[in-house]
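*Asks:* Dropping in query-v4.cif, which is mmCIF, C-alpha atoms:
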```cif
data_run
loop_
_atom_site.label_atom_id
_atom_site.label_comp_id
_atom_site.auth_asym_id
_atom_site.auth_seq_id
_atom_site.Cartn_x
_atom_site.Cartn_y
_atom_site.Cartn_z
CA MET A 1 -29.85 68.12 -9.15
CA GLN A 2 -33.06 66.27 -8.40
CA MET A 3 -35.24 67.34 -5.48
CA ARG A 4 -38.50 65.88 -4.25
CA LEU A 5 -41.07 67.66 -2.18
CA GLU A 6 -41.79 65.24 0.67
CA LEU A 7 -43.61 67.10 3.46
CA ILE A 8 -45.76 70.17 4.02
CA PRO A 9 -45.79 71.10 7.73
CA LEU A 10 -49.19 72.44 8.80
CA PRO A 11 -49.73 74.48 11.95
CA VAL A 12 -52.82 73.17 13.75
CA SER A 13 -54.37 73.96 17.12
CA ASP A 14 -55.56 70.43 17.96
CA VAL A 15 -53.55 67.46 16.69
CA ASP A 16 -56.26 64.85 17.31
CA ARG A 17 -58.91 66.95 15.57
CA ALA A 18 -56.54 67.42 12.62
CA ILE A 19 -55.93 63.66 12.41
CA GLY A 20 -59.69 63.14 12.30
CA PHE A 21 -60.08 65.63 9.47
CA TYR A 22 -57.18 64.47 7.31
CA ALA A 23 -57.67 60.73 7.88
CA ASP A 24 -61.45 60.40 8.19
CA LYS A 25 -62.77 63.24 6.03
CA LEU A 26 -60.04 63.55 3.38
CA GLY A 27 -59.06 59.88 3.39
CA PHE A 28 -55.32 60.47 3.86
CA LYS A 29 -53.34 57.48 5.16
CA LYS A 30 -51.84 58.01 8.60
CA ASP A 31 -48.18 57.07 8.13
CA PHE A 32 -47.19 57.60 11.72
CA ASP A 33 -48.11 59.25 15.00
CA VAL A 34 -45.17 59.16 17.41
CA GLN A 35 -44.11 60.84 20.63
CA PRO A 36 -40.31 60.52 20.58
CA SER A 37 -39.85 62.55 23.76
CA GLU A 38 -41.75 64.45 26.44
CA GLY A 39 -43.87 67.19 24.84
CA VAL A 40 -43.04 66.20 21.26
CA ARG A 41 -45.56 64.62 18.91
CA VAL A 42 -45.02 64.04 15.19
CA VAL A 43 -47.87 63.05 12.87
CA GLN A 44 -47.64 62.47 9.13
CA LEU A 45 -50.44 61.63 6.67
CA THR A 46 -50.31 61.08 2.91
CA PRO A 47 -53.00 61.35 0.24
CA GLU A 48 -53.42 58.13 -1.74
CA GLY A 49 -51.01 58.09 -4.68
CA SER A 50 -49.03 61.11 -3.48
CA GLY A 51 -45.28 61.37 -2.96
CA CYS A 52 -45.82 64.33 -0.63
CA SER A 53 -47.32 64.22 2.85
CA VAL A 54 -48.67 66.69 5.36
CA GLY A 55 -47.34 66.76 8.88
CA PHE A 56 -48.25 68.41 12.15
CA GLY A 57 -47.62 67.95 15.82
CA THR A 58 -46.31 69.61 18.94
CA GLY A 59 -43.03 70.54 20.55
CA LEU A 60 -41.02 71.32 17.40
CA ASP A 61 -40.35 74.71 15.79
CA VAL A 62 -41.58 73.44 12.42
CA TYR A 63 -45.11 73.19 13.89
CA ALA A 64 -44.99 76.54 15.74
CA GLY A 65 -46.69 78.62 13.03
CA GLU A 66 -50.07 80.27 13.42
CA PRO A 67 -52.83 77.65 12.97
CA GLY A 68 -54.65 78.32 9.71
CA SER A 69 -51.82 80.32 8.14
CA ILE A 70 -51.09 77.94 5.23
CA ARG A 71 -52.83 78.98 2.02
CA GLY A 72 -53.61 77.32 -1.30
CA VAL A 73 -52.00 73.90 -1.08
CA HIS A 74 -53.05 72.23 -4.35
CA LEU A 75 -54.35 68.68 -4.38
CA VAL A 76 -54.49 67.54 -8.01
CA VAL A 77 -57.31 65.17 -8.93
CA GLU A 78 -58.21 63.46 -12.18
CA ASP A 79 -61.96 64.14 -11.92
CA LEU A 80 -62.87 67.28 -9.98
CA ASP A 81 -66.61 66.66 -9.99
CA GLU A 82 -66.15 63.19 -8.53
CA ALA A 83 -63.56 64.28 -5.95
CA ARG A 84 -65.66 67.24 -4.81
CA ALA A 85 -68.78 65.08 -4.48
CA GLU A 86 -66.88 62.48 -2.45
CA LEU A 87 -65.50 65.07 -0.03
CA VAL A 88 -68.87 66.79 0.35
CA GLY A 89 -70.34 63.35 1.08
CA ARG A 90 -67.76 62.95 3.86
CA GLY A 91 -68.80 66.26 5.40
CA VAL A 92 -66.11 68.56 3.99
CA GLU A 93 -67.33 72.04 3.04
CA VAL A 94 -65.97 72.41 -0.48
CA GLY A 95 -66.55 75.57 -2.50
CA GLU A 96 -68.19 75.63 -5.89
CA ILE A 97 -66.16 74.55 -8.91
CA LYS A 98 -64.43 77.41 -10.71
CA ASP A 99 -63.16 77.31 -14.28
CA PHE A 100 -59.79 79.07 -14.44
CA GLY A 101 -59.46 78.63 -18.21
CA GLY A 102 -56.97 76.64 -20.21
CA GLY A 103 -58.44 73.37 -19.02
CA VAL A 104 -57.88 74.12 -15.33
CA ARG A 105 -60.72 73.90 -12.82
CA GLY A 106 -60.69 74.01 -9.05
CA ALA A 107 -62.68 74.05 -5.84
CA ASP A 108 -61.38 75.20 -2.47
CA PHE A 109 -61.81 74.01 1.11
CA SER A 110 -60.14 74.50 4.48
CA ASP A 111 -59.20 72.30 7.40
CA PRO A 112 -60.74 73.00 10.84
CA ASP A 113 -58.03 75.60 11.57
CA GLY A 114 -58.40 77.44 8.26
CA ASN A 115 -55.38 76.08 6.38
CA SER A 116 -56.67 76.24 2.81
CA PHE A 117 -56.51 73.78 -0.06
CA GLU A 118 -57.48 73.77 -3.71
CA LEU A 119 -58.72 70.64 -5.44
CA GLN A 120 -57.38 71.13 -8.94
CA GLU A 121 -58.12 69.35 -12.20
CA MET A 122 -55.99 69.92 -15.29
CA ALA A 123 -57.53 68.65 -18.54
CA TRP A 124 -54.22 67.37 -19.91
CA ARG A 125 -53.55 65.24 -16.81
CA LYS A 126 -56.00 62.39 -17.34
CA GLY A 127 -55.65 58.62 -17.41
CA ALA A 128 -52.04 57.50 -17.80
CA LYS A 129 -50.88 61.14 -17.77
CA TYR A 130 -52.37 61.59 -14.30
#
```
Taking this structure as input, can you express it in the form of structure tokens?

*Replies:*
Amino acid sequence: MQMRLELIPLPVSDVDRAIGFYADKLGFKKDFDVQPSEGVRVVQLTPEGSGCSVGFGTGLDVYAGEPGSIRGVHLVVEDLDEARAELVGRGVEVGEIKDFGGGVRGADFSDPDGNSFELQEMAWRKGAKY
């Protein structure tokens, strides 16, 4: 059986602020922002080259979690130094690069609500293998 991870729902306190962070600061593409009924808003954004998106909104149980409660979502990059520098240049507070051994390095950051992410570089995932 084949399964694909398509969406990570994120609980946020302010949908418009979250759109600004994910689209403007992280550079995610806004796939859609719809209000299918009164009190319901569904937003989905996708990192360039990713098959998995993040989503948030209002009026649905899937978005009812505590804002900032998601921890350690990994965003894999080919060049950690470059990715970190780009995000810092866009105003994202990214932690220092850590070497986890075995060719794995990472640097963490959080969205405005405290949902946390890890930029991760794996030495064996470069070029065509990335």

*Asks:* Evaluated on this file, the PyMOL selection byres ((chain A and resi 80) around 9) picks out some residues - which ones are they, written as a PDB file with C-alpha atoms, in the coordinates of the input?

*Replies:*
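This is the output file selection.pdb:
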```
ATOM      1  CA  VAL A  76     -54.490  67.540  -8.010  1.00  0.00           C
ATOM      2  CA  VAL A  77     -57.310  65.170  -8.930  1.00  0.00           C
ATOM      3  CA  GLU A  78     -58.210  63.460 -12.180  1.00  0.00           C
ATOM      4  CA  ASP A  79     -61.960  64.140 -11.920  1.00  0.00           C
ATOM      5  CA  ASP A  81     -66.610  66.660  -9.990  1.00  0.00           C
ATOM      6  CA  GLU A  82     -66.150  63.190  -8.530  1.00  0.00           C
ATOM      7  CA  ALA A  83     -63.560  64.280  -5.950  1.00  0.00           C
ATOM      8  CA  ARG A  84     -65.660  67.240  -4.810  1.00  0.00           C
ATOM      9  CA  ALA A  85     -68.780  65.080  -4.480  1.00  0.00           C
ATOM     10  CA  ILE A  97     -66.160  74.550  -8.910  1.00  0.00           C
ATOM     11  CA  ARG A 105     -60.720  73.900 -12.820  1.00  0.00           C
ATOM     12  CA  GLY A 106     -60.690  74.010  -9.050  1.00  0.00           C
ATOM     13  CA  ALA A 107     -62.680  74.050  -5.840  1.00  0.00           C
ATOM     14  CA  LEU A 119     -58.720  70.640  -5.440  1.00  0.00           C
ATOM     15  CA  GLN A 120     -57.380  71.130  -8.940  1.00  0.00           C
ATOM     16  CA  GLU A 121     -58.120  69.350 -12.200  1.00  0.00           C
TER      17      GLU A 121
END
```

*Asks:* So that I can check the surroundings of Val15 of chain A, please list as a list in words every protein, DNA and RNA residue that reaches within 9 Å of it, counting all atoms listed in the file and ignoring chain neighbours fewer than 4 positions away.

*Replies:*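 My reading of the contact set: Ile19, Gly20, Arg41, Val43, Phe56, Gly57 and Thr58 of chain A.
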
*Asks:* With distances taken over only C-alpha atoms, which of A:Ile70, A:Met122, A:Val34, A:Cys52 is nearest to Ser110 of chain A?

*Replies:* A:Ile70

*Asks:* Measuring atom to atom with only C-alpha atoms, identify which of A:Val92, A:Pro11, A:Ser116, A:Gly55 is nearest to Asp24 of chain A.

*Replies:* A:Val92

*Asks:* Taking 3 positions as the minimum chain separation for residues in the same chain, which residues sit within 12 Å of Val42 of chain A when counting all atoms listed in the file? Answer as a ChimeraX atom specification.

*Replies:* /A:9-11,15-16,19,30-39,45,54-63

*Asks:* Which residue is closest to Ser50 of chain A? Choose from A:Trp124, A:Phe28, A:Tyr22, A:Phe100 and count only C-alpha atoms.

*Replies:*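 Checking each of A:Trp124, A:Phe28, A:Tyr22, A:Phe100 against Ser50 of chain A, counting only C-alpha atoms, the winner is A:Phe28.
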
*Asks:* Measure the distance from atom CA of Gly127 of chain A to atom CA of Glu86 of chain A in Å and round it to one decimal.

*Replies:*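 If I compute the distance from atom CA of Gly127 of chain A to atom CA of Glu86 of chain A, I get 19.1 Å.
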
*Asks:* Atom CA of Gly65 of chain A and atom CA of Val40 of chain A, how far apart in Å?

*Replies:*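 It comes out at 15.3 Å.
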
*Asks:* Quick check, in Å to one decimal: how far apart do atom CA of Gly103 of chain A and atom CA of Gly49 of chain A lie?

*Replies:*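 Atom-to-atom, atom CA of Gly103 of chain A to atom CA of Gly49 of chain A, that is 22.2 Å.
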
*Asks:* From the options A:Leu5, A:Ser13, A:Ser53, A:Gly114, which residue's atoms come nearest to Lys29 of chain A, counting all atoms listed in the file?

*Replies:*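 Under the stated criterion, the closest residue is A:Ser53.
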
*Asks:* Restore N, CA and C atoms in segment 81-98 of chain A and list the result as an mmCIF file, in the frame of the given file.

*Replies:*
```cif
data_model
loop_
_atom_site.group_PDB
_atom_site.id
_atom_site.type_symbol
_atom_site.label_atom_id
_atom_site.label_comp_id
_atom_site.auth_asym_id
_atom_site.auth_seq_id
_atom_site.Cartn_x
_atom_site.Cartn_y
_atom_site.Cartn_z
ATOM 1 N N ASP A 81 -65.219 66.851 -10.394
ATOM 2 C CA ASP A 81 -66.610 66.660 -9.990
ATOM 3 C C ASP A 81 -66.748 65.485 -9.022
ATOM 4 N N GLU A 82 -66.097 64.391 -9.367
ATOM 5 C CA GLU A 82 -66.150 63.190 -8.530
ATOM 6 C C GLU A 82 -65.472 63.432 -7.175
ATOM 7 N N ALA A 83 -64.295 64.033 -7.183
ATOM 8 C CA ALA A 83 -63.560 64.280 -5.950
ATOM 9 C C ALA A 83 -64.333 65.227 -5.035
ATOM 10 N N ARG A 84 -64.885 66.287 -5.612
ATOM 11 C CA ARG A 84 -65.660 67.240 -4.810
ATOM 12 C C ARG A 84 -66.864 66.552 -4.188
ATOM 13 N N ALA A 85 -67.600 65.771 -4.982
ATOM 14 C CA ALA A 85 -68.780 65.080 -4.480
ATOM 15 C C ALA A 85 -68.423 64.112 -3.346
ATOM 16 N N GLU A 86 -67.311 63.410 -3.494
ATOM 17 C CA GLU A 86 -66.880 62.480 -2.450
ATOM 18 C C GLU A 86 -66.568 63.212 -1.152
ATOM 19 N N LEU A 87 -65.832 64.319 -1.246
ATOM 20 C CA LEU A 87 -65.500 65.070 -0.030
ATOM 21 C C LEU A 87 -66.737 65.684 0.609
ATOM 22 N N VAL A 88 -67.621 66.236 -0.195
ATOM 23 C CA VAL A 88 -68.870 66.790 0.350
ATOM 24 C C VAL A 88 -69.653 65.683 1.055
ATOM 25 N N GLY A 89 -69.679 64.489 0.468
ATOM 26 C CA GLY A 89 -70.340 63.350 1.080
ATOM 27 C C GLY A 89 -69.726 62.937 2.402
ATOM 28 N N ARG A 90 -68.462 63.247 2.599
ATOM 29 C CA ARG A 90 -67.760 62.950 3.860
ATOM 30 C C ARG A 90 -67.875 64.094 4.862
ATOM 31 N N GLY A 91 -68.594 65.149 4.483
ATOM 32 C CA GLY A 91 -68.800 66.260 5.400
ATOM 33 C C GLY A 91 -67.835 67.419 5.273
ATOM 34 N N VAL A 92 -67.043 67.452 4.206
ATOM 35 C CA VAL A 92 -66.110 68.560 3.990
ATOM 36 C C VAL A 92 -66.859 69.671 3.245
ATOM 37 N N GLU A 93 -66.719 70.896 3.715
ATOM 38 C CA GLU A 93 -67.330 72.040 3.040
ATOM 39 C C GLU A 93 -66.414 72.487 1.908
ATOM 40 N N VAL A 94 -66.770 72.097 0.698
ATOM 41 C CA VAL A 94 -65.970 72.410 -0.480
ATOM 42 C C VAL A 94 -66.697 73.477 -1.288
ATOM 43 N N GLY A 95 -65.966 74.502 -1.709
ATOM 44 C CA GLY A 95 -66.550 75.570 -2.500
ATOM 45 C C GLY A 95 -67.017 75.081 -3.858
ATOM 46 N N GLU A 96 -67.709 75.950 -4.547
ATOM 47 C CA GLU A 96 -68.190 75.630 -5.890
ATOM 48 C C GLU A 96 -67.013 75.505 -6.849
ATOM 49 N N ILE A 97 -67.206 74.749 -7.898
ATOM 50 C CA ILE A 97 -66.160 74.550 -8.910
ATOM 51 C C ILE A 97 -66.014 75.830 -9.733
ATOM 52 N N LYS A 98 -64.758 76.236 -9.905
ATOM 53 C CA LYS A 98 -64.430 77.410 -10.710
ATOM 54 C C LYS A 98 -63.631 76.955 -11.925
#
```
